[in-house]
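> data05.csv is reproduced in full below (CSV, C-alpha atoms).
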```csv
chain,number,residue,atom,x,y,z
A,1,MET,CA,126.8,219.8,46.0
A,2,ILE,CA,125.9,218.1,42.7
A,3,SER,CA,122.4,218.9,41.3
A,4,LEU,CA,120.9,216.8,38.5
A,5,ARG,CA,117.6,217.6,36.8
A,6,PHE,CA,115.5,214.8,35.4
A,7,GLN,CA,112.4,214.6,33.2
A,8,PRO,CA,111.0,211.1,33.5
A,9,SER,CA,110.0,209.6,30.2
A,10,THR,CA,106.4,209.8,29.3
A,11,THR,CA,106.4,206.9,27.0
A,12,ALA,CA,108.6,203.9,26.3
A,13,GLY,CA,111.5,205.0,24.2
A,14,VAL,CA,115.2,205.5,24.0
A,15,LEU,CA,116.5,208.0,26.6
A,16,SER,CA,118.9,210.8,25.7
A,17,ALA,CA,121.0,212.9,28.0
A,18,SER,CA,122.4,216.4,27.6
A,19,VAL,CA,124.3,218.8,29.9
A,20,ASN,CA,123.3,222.4,29.9
A,21,CYS,CA,125.2,225.4,31.0
A,22,ALA,CA,123.7,225.3,34.5
A,23,GLY,CA,125.3,222.0,35.2
A,24,PHE,CA,122.1,220.0,35.2
A,25,ILE,CA,121.7,216.7,33.4
A,26,LYS,CA,118.3,216.7,31.7
A,27,ARG,CA,116.9,213.3,30.7
A,28,CYS,CA,114.1,213.2,28.1
A,29,GLY,CA,112.1,210.3,26.6
A,30,SER,CA,110.8,210.0,23.2
A,31,THR,CA,107.1,210.8,22.7
A,32,LYS,CA,104.5,210.0,20.1
A,33,PRO,CA,101.4,212.0,19.1
A,34,GLY,CA,98.4,211.1,21.2
A,35,ARG,CA,100.5,209.1,23.8
A,36,VAL,CA,100.9,211.8,26.4
A,37,GLY,CA,98.0,211.7,28.9
A,38,ARG,CA,96.5,214.6,30.8
A,39,PHE,CA,98.3,213.7,34.0
A,40,VAL,CA,101.7,213.7,32.2
A,41,THR,CA,101.0,217.1,30.7
A,42,MET,CA,100.1,218.5,34.1
A,43,ALA,CA,103.2,217.1,35.8
A,44,MET,CA,105.5,218.3,33.1
A,45,ALA,CA,104.1,221.8,33.4
A,46,ALA,CA,105.0,222.0,37.0
A,47,SER,CA,108.4,223.1,38.3
A,48,PRO,CA,110.7,220.2,39.1
A,49,LEU,CA,110.6,219.0,42.7
A,50,GLU,CA,113.8,219.3,44.6
A,51,ILE,CA,115.0,216.1,46.3
A,52,CYS,CA,118.1,215.5,48.3
A,53,VAL,CA,119.5,212.0,48.0
A,54,LYS,CA,122.6,210.0,49.0
A,55,ALA,CA,125.5,210.5,46.7
A,56,SER,CA,127.6,207.6,45.4
A,57,ILE,CA,130.8,206.9,47.3
A,58,THR,CA,132.4,205.1,44.4
A,59,THR,CA,131.5,207.2,41.3
A,60,PRO,CA,131.4,211.0,41.1
A,61,ASN,CA,128.0,212.5,40.2
A,62,LYS,CA,126.1,209.3,40.6
A,63,LEU,CA,123.2,208.3,42.9
A,64,GLY,CA,124.1,206.4,46.0
A,65,ASP,CA,122.8,203.2,47.5
A,66,CYS,CA,119.9,204.3,49.7
A,67,PRO,CA,116.8,202.1,49.0
A,68,PHE,CA,114.5,204.8,50.6
A,69,CYS,CA,115.8,207.4,48.2
A,70,GLN,CA,115.2,205.1,45.3
A,71,ARG,CA,111.6,204.4,46.6
A,72,VAL,CA,110.8,208.1,46.3
A,73,LEU,CA,112.6,208.4,42.9
A,74,LEU,CA,110.7,205.4,41.6
A,75,THR,CA,107.4,207.2,42.6
A,76,LEU,CA,108.5,210.3,40.8
A,77,GLU,CA,109.4,208.4,37.7
A,78,GLU,CA,106.2,206.3,37.7
A,79,LYS,CA,104.1,209.4,38.1
A,80,HIS,CA,106.2,211.3,35.4
A,81,VAL,CA,107.0,214.1,37.8
A,82,PRO,CA,110.2,216.1,36.8
A,83,TYR,CA,112.7,216.5,39.6
A,84,ASP,CA,116.0,218.1,40.5
A,85,MET,CA,118.2,215.6,42.4
A,86,LYS,CA,120.7,217.1,44.8
A,87,MET,CA,123.6,214.6,45.7
A,88,VAL,CA,124.6,214.7,49.4
A,89,ASP,CA,127.8,213.2,50.7
A,90,LEU,CA,126.5,211.6,53.9
A,91,SER,CA,130.0,211.1,55.2
A,92,ASN,CA,130.7,214.8,55.1
A,93,LYS,CA,127.3,216.5,55.3
A,94,PRO,CA,127.4,220.1,54.2
A,95,GLU,CA,126.0,222.9,56.3
A,96,TRP,CA,123.2,223.8,53.8
A,97,PHE,CA,121.9,220.2,54.0
A,98,LEU,CA,121.9,220.1,57.8
A,99,LYS,CA,119.8,223.3,57.8
A,100,ILE,CA,117.0,221.6,55.8
A,101,SER,CA,117.5,218.1,57.4
A,102,PRO,CA,118.7,218.6,61.0
A,103,GLU,CA,118.9,214.8,61.5
A,104,GLY,CA,121.1,214.5,58.4
A,105,LYS,CA,118.9,211.9,56.8
A,106,VAL,CA,117.8,211.4,53.2
A,107,PRO,CA,115.5,211.5,51.3
A,108,VAL,CA,114.0,215.0,51.8
A,109,VAL,CA,111.8,216.7,49.2
A,110,LYS,CA,110.8,220.3,48.9
A,111,PHE,CA,107.0,220.7,48.8
A,112,ASP,CA,105.7,224.3,48.6
A,113,GLU,CA,108.9,225.8,50.1
A,114,LYS,CA,108.9,223.3,53.0
A,115,TRP,CA,111.5,220.4,53.1
A,116,VAL,CA,109.8,217.1,54.0
A,117,PRO,CA,111.7,214.0,55.3
A,118,ASP,CA,110.8,210.3,55.5
A,119,SER,CA,110.0,208.2,52.4
A,120,ASP,CA,106.6,207.1,53.9
A,121,VAL,CA,105.5,210.8,54.3
A,122,ILE,CA,107.0,211.8,51.0
A,123,THR,CA,105.4,209.1,48.9
A,124,GLN,CA,102.0,209.7,50.5
A,125,ALA,CA,102.3,213.4,49.7
A,126,LEU,CA,103.2,212.6,46.1
A,127,GLU,CA,100.1,210.4,45.8
A,128,GLU,CA,98.0,213.3,47.1
A,129,LYS,CA,99.7,216.0,45.0
A,130,TYR,CA,99.9,213.9,41.8
A,131,PRO,CA,97.0,211.4,41.9
A,132,GLU,CA,97.5,210.1,38.4
A,133,PRO,CA,98.5,207.5,37.7
A,134,PRO,CA,97.3,206.1,41.0
A,135,LEU,CA,99.9,204.1,42.9
A,136,ALA,CA,98.2,203.6,46.3
A,137,THR,CA,98.2,200.0,47.5
A,138,PRO,CA,95.0,198.7,49.2
A,139,PRO,CA,95.6,198.5,53.0
A,140,GLU,CA,95.1,194.7,53.0
A,141,LYS,CA,97.9,194.3,50.6
A,142,ALA,CA,100.3,197.1,51.7
A,143,SER,CA,102.3,194.9,54.1
A,144,VAL,CA,102.9,192.1,51.6
A,145,GLY,CA,106.6,191.3,51.5
A,146,SER,CA,107.4,193.8,54.3
A,147,LYS,CA,109.3,191.4,56.5
A,148,ILE,CA,111.8,190.3,53.7
A,149,PHE,CA,114.2,193.2,54.2
A,150,SER,CA,114.7,192.8,58.0
A,151,THR,CA,115.2,189.0,57.6
A,152,PHE,CA,117.7,189.6,54.8
A,153,ILE,CA,119.6,192.0,57.1
A,154,GLY,CA,119.7,189.4,59.8
A,155,PHE,CA,121.0,186.7,57.4
A,156,LEU,CA,123.6,189.1,55.9
A,157,LYS,CA,125.0,190.1,59.3
A,158,SER,CA,125.0,186.6,60.7
A,159,LYS,CA,128.4,184.9,61.2
A,160,ASP,CA,126.9,181.5,62.1
A,161,SER,CA,125.6,179.5,59.2
A,162,GLY,CA,123.6,177.3,61.5
A,163,ASP,CA,121.7,180.1,63.4
A,164,GLY,CA,118.6,179.8,61.3
A,165,THR,CA,118.7,183.3,59.8
A,166,GLU,CA,118.8,181.9,56.3
A,167,GLN,CA,115.7,179.8,56.9
A,168,VAL,CA,113.8,182.8,58.3
A,169,LEU,CA,114.6,184.7,55.1
A,170,LEU,CA,113.6,181.7,52.9
A,171,ASP,CA,110.3,181.4,54.8
A,172,GLU,CA,109.5,185.0,54.1
A,173,LEU,CA,110.5,184.7,50.5
A,174,SER,CA,108.4,181.5,50.2
A,175,THR,CA,105.3,183.3,51.5
A,176,PHE,CA,105.9,186.1,49.0
A,177,ASN,CA,106.4,183.5,46.2
A,178,ASP,CA,103.0,182.0,47.0
A,179,TYR,CA,101.4,185.4,47.1
A,180,ILE,CA,102.7,186.5,43.7
A,181,LYS,CA,101.8,183.1,42.2
A,182,GLU,CA,98.2,183.7,43.1
A,183,ASN,CA,97.9,187.5,42.9
A,184,GLY,CA,100.7,188.7,40.6
A,185,PRO,CA,102.6,189.8,38.6
A,186,PHE,CA,102.7,192.7,41.1
A,187,ILE,CA,101.5,193.0,44.7
A,188,ASN,CA,98.3,194.7,43.7
A,189,GLY,CA,97.8,192.5,40.6
A,190,GLU,CA,98.3,193.7,37.1
A,191,LYS,CA,99.6,197.2,37.9
A,192,ILE,CA,102.6,198.3,39.9
A,193,SER,CA,101.8,200.1,43.1
A,194,ALA,CA,103.4,201.8,46.0
A,195,ALA,CA,104.1,198.5,47.8
A,196,ASP,CA,106.2,197.4,44.9
A,197,LEU,CA,108.1,200.6,44.8
A,198,SER,CA,109.0,200.2,48.4
A,199,LEU,CA,110.0,196.5,48.2
A,200,ALA,CA,111.9,196.5,44.9
A,201,PRO,CA,114.9,198.6,46.0
A,202,LYS,CA,115.3,196.3,49.1
A,203,LEU,CA,115.2,193.2,46.9
A,204,TYR,CA,117.8,194.8,44.7
A,205,HIS,CA,120.1,195.3,47.8
A,206,MET,CA,119.3,191.7,48.9
A,207,LYS,CA,120.3,190.4,45.5
A,208,ILE,CA,123.6,192.2,45.3
A,209,ALA,CA,124.7,192.1,48.9
A,210,SER,CA,123.8,188.5,49.6
A,211,GLY,CA,125.4,187.4,46.3
A,212,HIS,CA,128.7,189.3,47.2
A,213,TYR,CA,129.0,188.6,50.9
A,214,LYS,CA,127.2,185.2,51.2
A,215,ASN,CA,127.5,183.7,47.7
A,216,TRP,CA,123.7,183.3,48.0
A,217,SER,CA,120.9,183.9,45.6
A,218,VAL,CA,117.1,183.3,45.5
A,219,PRO,CA,116.7,179.5,44.9
A,220,VAL,CA,115.1,178.2,41.8
A,221,SER,CA,112.4,176.7,44.0
A,222,LEU,CA,111.0,180.2,44.3
A,223,PRO,CA,110.3,181.0,40.6
A,224,PHE,CA,107.7,183.7,41.2
A,225,VAL,CA,110.1,185.7,43.5
A,226,LYS,CA,112.7,185.5,40.7
A,227,SER,CA,110.3,186.6,38.0
A,228,TYR,CA,108.9,189.4,40.2
A,229,MET,CA,112.4,190.7,40.7
A,230,GLU,CA,113.2,190.5,37.0
A,231,ASN,CA,109.9,192.4,36.2
A,232,VAL,CA,110.5,195.3,38.5
A,233,PHE,CA,114.3,195.5,37.9
A,234,SER,CA,113.7,195.8,34.2
A,235,ARG,CA,111.3,198.7,34.4
A,236,GLU,CA,112.6,202.0,32.9
A,237,SER,CA,111.8,203.7,36.2
A,238,PHE,CA,114.1,201.3,38.1
A,239,THR,CA,117.0,201.3,35.7
A,240,ASN,CA,116.9,205.2,35.8
A,241,THR,CA,117.1,205.2,39.6
A,242,ARG,CA,119.1,202.2,40.7
A,243,ALA,CA,122.5,202.4,42.5
A,244,GLU,CA,125.7,201.1,41.1
A,245,THR,CA,126.5,197.5,42.2
A,246,GLU,CA,129.8,198.8,43.7
A,247,ASP,CA,127.9,201.3,45.8
A,248,VAL,CA,125.5,198.6,47.2
A,249,ILE,CA,128.4,196.4,48.1
A,250,ALA,CA,130.3,199.3,49.7
A,251,GLY,CA,127.3,200.4,51.6
A,252,TRP,CA,126.7,197.1,53.3
A,253,ARG,CA,130.4,196.5,54.1
A,254,PRO,CA,130.5,198.1,57.5
A,255,LYS,CA,127.4,196.2,58.6
A,256,VAL,CA,128.8,192.9,57.4
A,257,MET,CA,132.4,193.4,58.6
A,258,GLY,CA,131.6,195.3,61.8
```
For this file, produce the structure as structure tokens.

Amino acid sequence: MISLRFQPSTTAGVLSASVNCAGFIKRCGSTKPGRVGRFVTMAMAASPLEICVKASITTPNKLGDCPFCQRVLLTLEEKHVPYDMKMVDLSNKPEWFLKISPEGKVPVVKFDEKWVPDSDVITQALEEKYPEPPLATPPEKASVGSKIFSTFIGFLKSKDSGDGTEQVLLDELSTFNDYIKENGPFINGEKISAADLSLAPKLYHMKIASGHYKNWSVPVSLPFVKSYMENVFSRESFTNTRAETEDVIAGWRPKVMG
């Protein structure tokens, strides 16, 4: 098991990394006087949350390609909550992991000595436990873009270019494009929210996998989808938690080739 400890940056700045004698990697961001808010101070004072995530299958000691793990990590990063990331080889699940996650699924997070699975449950718990900054998406906006991922999977797995799966994906992206045009730059307006943190990792997978396996990309006729992706992919929280391109490609290979 590889265990990595992260301290999300509290302000914009250059990240540094150091390895201590316990084998943890600690990431710290630069801070400036007066820039650290009350919620950051409270989160930093707490013990790091333990989270089990998928390990990379291409690069040792790297995060794997699970979009649901990244969703939780994005939430931790955006809320400035320190965490210990435990890498799990899902192709050879260790006994200690199966004891805390009998179904063998990630992510799982330890809250008050209890291991909690499911990214929906985990992110809701994080919102309740660390309410600042608020990331909850209003119910009427929470499902925006929610059909994109399933239509992308249908298109990616299709072996018939004329079966309409590409058009179904384009229709969903077009709907999202129009929504962001009128309501953006994020799903809940000016500030990022939980809905963005759920959708962004899936769009990242769509970009990499469809480009590799289908030689396909979001068309220029959908500029607000493209700008949305650029906005979320460039956030520090996203670059800190994204999977390697090679892992995303390898992760989708069985589904595409099978």
> What is the CA of Gly145 (chain A) to CA of Phe176 (chain A) distance in Å?
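CA of Gly145 (chain A) sits 5.8 Å away from CA of Phe176 (chain A).
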> List the neighbours of region 180-185 of chain A out to 9 Å using only C-alpha atoms; skip same-chain residues closer than 6 positions along the sequence, and give me the result as a PyMOL selection string.
chain A and resi 191-192+223-225+227-228+231
> Pull the neighbourhood of (125.6, 221.3, 51.3) for me: all residues within 12 Å in file coordinates, counting only C-alpha atoms, as a PyMOL selection string.
chain A and resi 1-3+52-55+86-101+104
> Take the residues that were just selected and, keeping C-alpha atoms, output them as a PDB file, keeping the file's coordinate frame.

```pdb
ATOM      1  CA  MET A   1     126.800 219.800  46.000  1.00  0.00           C
ATOM      2  CA  ILE A   2     125.900 218.100  42.700  1.00  0.00           C
ATOM      3  CA  SER A   3     122.400 218.900  41.300  1.00  0.00           C
ATOM      4  CA  CYS A  52     118.100 215.500  48.300  1.00  0.00           C
ATOM      5  CA  VAL A  53     119.500 212.000  48.000  1.00  0.00           C
ATOM      6  CA  LYS A  54     122.600 210.000  49.000  1.00  0.00           C
ATOM      7  CA  ALA A  55     125.500 210.500  46.700  1.00  0.00           C
ATOM      8  CA  LYS A  86     120.700 217.100  44.800  1.00  0.00           C
ATOM      9  CA  MET A  87     123.600 214.600  45.700  1.00  0.00           C
ATOM     10  CA  VAL A  88     124.600 214.700  49.400  1.00  0.00           C
ATOM     11  CA  ASP A  89     127.800 213.200  50.700  1.00  0.00           C
ATOM     12  CA  LEU A  90     126.500 211.600  53.900  1.00  0.00           C
ATOM     13  CA  SER A  91     130.000 211.100  55.200  1.00  0.00           C
ATOM     14  CA  ASN A  92     130.700 214.800  55.100  1.00  0.00           C
ATOM     15  CA  LYS A  93     127.300 216.500  55.300  1.00  0.00           C
ATOM     16  CA  PRO A  94     127.400 220.100  54.200  1.00  0.00           C
ATOM     17  CA  GLU A  95     126.000 222.900  56.300  1.00  0.00           C
ATOM     18  CA  TRP A  96     123.200 223.800  53.800  1.00  0.00           C
ATOM     19  CA  PHE A  97     121.900 220.200  54.000  1.00  0.00           C
ATOM     20  CA  LEU A  98     121.900 220.100  57.800  1.00  0.00           C
ATOM     21  CA  LYS A  99     119.800 223.300  57.800  1.00  0.00           C
ATOM     22  CA  ILE A 100     117.000 221.600  55.800  1.00  0.00           C
ATOM     23  CA  SER A 101     117.500 218.100  57.400  1.00  0.00           C
ATOM     24  CA  GLY A 104     121.100 214.500  58.400  1.00  0.00           C
TER      25      GLY A 104
END
```
> At a cut-off of 9 Å from (121.0, 195.3, 45.1) in the coordinates of the file, what residues are picked up using only C-alpha atoms, written as a PyMOL selection string?
chain A and resi 65+67+201-210+242-245+248-249
> Using all atoms listed in the file, which residue out of A:Leu170, A:Ala250, A:Ala200, A:Met257 lies closest to Val218 (chain A)?
A:Leu170
> Find the distance between CA of Asp247 (chain A) and CA of Leu173 (chain A) and write it in Å to one decimal.
24.5 Å
> One decimal, in Å: what's the spacing between CA of Lys214 (chain A) and CA of Glu230 (chain A)?
20.6 Å
> Have a look at A:Glu246, A:Asp171, A:Glu50, A:Glu128 and name the one nearest to Trp115 (chain A); count only C-alpha atoms.
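Ranked by minimum distance to Trp115 (chain A), first place goes to A:Glu50.
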> For Leu73 (chain A), which of A:Pro60, A:Pro48, A:Pro107, A:Pro102 is the closest residue, counting only C-alpha atoms?
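The closest residue to Leu73 (chain A) is A:Pro107.
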> Which of these, A:Val168, A:Ile57, A:Val72, A:Leu199, has the shortest distance to Phe233 (chain A) once you count only C-alpha atoms?
A:Leu199
> Need the shell around Glu78 (chain A): protein/DNA/RNA residues with any atom at most 9 Å away, counting all atoms listed in the file. Skip same-chain ones fewer than 5 positions apart. Format as a ChimeraX atom specification?
/A:8,73,133,135,237
> Near Ser174 (chain A), within 9 Å and counting only C-alpha atoms, which residues show up once chain neighbours fewer than 5 positions away are dropped, as a PyMOL selection string?
chain A and resi 169+179+221-222+225
> Identify which of the residues A:Cys69, A:Leu49, A:Val121, A:Val144 lies closest to Val81 (chain A), counting all atoms listed in the file when measuring atom-to-atom distances.
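Between A:Cys69, A:Leu49, A:Val121, A:Val144, the residue approaching Val81 (chain A) most closely is A:Leu49.
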> Smallest atom-to-atom distance to Trp252 (chain A): which of A:Cys66, A:Val108, A:Gly162, A:Ala195, using only C-alpha atoms?
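Distance minimum relative to Trp252 (chain A) lands on A:Cys66.
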> Report, as JSON, the axis-aligned box around all atoms of region 56-75 of chain A present in the file, extended by 5 Å on each side; give centre and edge lengths in Å to one decimal place.

```
{"center_x": 119.9, "center_y": 207.3, "center_z": 45.4, "size_x": 35.0, "size_y": 20.4, "size_z": 20.4}
```
> As an mmCIF file, keeping the file's coordinate frame, please: region 59-74 of chain A completed to N, CA, C and O atoms.

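Generated output (part21.cif):
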```
data_model
loop_
_atom_site.group_PDB
_atom_site.id
_atom_site.type_symbol
_atom_site.label_atom_id
_atom_site.label_comp_id
_atom_site.auth_asym_id
_atom_site.auth_seq_id
_atom_site.Cartn_x
_atom_site.Cartn_y
_atom_site.Cartn_z
ATOM 1 N N THR A 59 131.504 206.540 42.648
ATOM 2 C CA THR A 59 131.500 207.200 41.300
ATOM 3 C C THR A 59 131.012 208.603 41.427
ATOM 4 O O THR A 59 129.896 208.832 41.912
ATOM 5 N N PRO A 60 131.796 209.581 40.989
ATOM 6 C CA PRO A 60 131.400 211.000 41.100
ATOM 7 C C PRO A 60 130.061 211.213 40.283
ATOM 8 O O PRO A 60 129.832 210.614 39.230
ATOM 9 N N ASN A 61 129.218 212.095 40.839
ATOM 10 C CA ASN A 61 128.000 212.500 40.200
ATOM 11 C C ASN A 61 126.994 211.403 39.927
ATOM 12 O O ASN A 61 126.184 211.469 38.994
ATOM 13 N N LYS A 62 127.047 210.381 40.776
ATOM 14 C CA LYS A 62 126.100 209.300 40.600
ATOM 15 C C LYS A 62 125.274 209.126 41.913
ATOM 16 O O LYS A 62 125.696 209.506 43.001
ATOM 17 N N LEU A 63 124.102 208.550 41.730
ATOM 18 C CA LEU A 63 123.200 208.300 42.900
ATOM 19 C C LEU A 63 123.810 207.208 43.754
ATOM 20 O O LEU A 63 124.386 206.235 43.278
ATOM 21 N N GLY A 64 123.636 207.377 45.065
ATOM 22 C CA GLY A 64 124.100 206.400 46.000
ATOM 23 C C GLY A 64 123.185 205.245 46.252
ATOM 24 O O GLY A 64 122.225 205.039 45.509
ATOM 25 N N ASP A 65 123.459 204.486 47.316
ATOM 26 C CA ASP A 65 122.800 203.200 47.500
ATOM 27 C C ASP A 65 121.650 203.182 48.493
ATOM 28 O O ASP A 65 121.335 202.139 49.065
ATOM 29 N N CYS A 66 120.983 204.281 48.727
ATOM 30 C CA CYS A 66 119.900 204.300 49.700
ATOM 31 C C CYS A 66 118.588 203.801 49.085
ATOM 32 O O CYS A 66 118.045 204.410 48.155
ATOM 33 N N PRO A 67 118.039 202.687 49.592
ATOM 34 C CA PRO A 67 116.800 202.100 49.000
ATOM 35 C C PRO A 67 115.593 203.046 49.258
ATOM 36 O O PRO A 67 114.616 202.998 48.508
ATOM 37 N N PHE A 68 115.656 203.870 50.315
ATOM 38 C CA PHE A 68 114.500 204.800 50.600
ATOM 39 C C PHE A 68 114.529 205.952 49.661
ATOM 40 O O PHE A 68 113.463 206.438 49.275
ATOM 41 N N CYS A 69 115.712 206.391 49.259
ATOM 42 C CA CYS A 69 115.800 207.400 48.200
ATOM 43 C C CYS A 69 115.255 206.856 46.904
ATOM 44 O O CYS A 69 114.487 207.525 46.196
ATOM 45 N N GLN A 70 115.648 205.638 46.575
ATOM 46 C CA GLN A 70 115.200 205.100 45.300
ATOM 47 C C GLN A 70 113.665 204.889 45.327
ATOM 48 O O GLN A 70 112.991 205.086 44.310
ATOM 49 N N ARG A 71 113.097 204.547 46.464
ATOM 50 C CA ARG A 71 111.600 204.400 46.600
ATOM 51 C C ARG A 71 110.952 205.710 46.128
ATOM 52 O O ARG A 71 109.982 205.680 45.352
ATOM 53 N N VAL A 72 111.441 206.842 46.621
ATOM 54 C CA VAL A 72 110.800 208.100 46.300
ATOM 55 C C VAL A 72 111.096 208.445 44.784
ATOM 56 O O VAL A 72 110.189 208.899 44.072
ATOM 57 N N LEU A 73 112.304 208.186 44.313
ATOM 58 C CA LEU A 73 112.600 208.400 42.900
ATOM 59 C C LEU A 73 111.770 207.570 41.986
ATOM 60 O O LEU A 73 111.307 208.027 40.928
ATOM 61 N N LEU A 74 111.538 206.330 42.368
ATOM 62 C CA LEU A 74 110.700 205.400 41.600
ATOM 63 C C LEU A 74 109.257 206.023 41.497
ATOM 64 O O LEU A 74 108.619 205.979 40.428
#
```
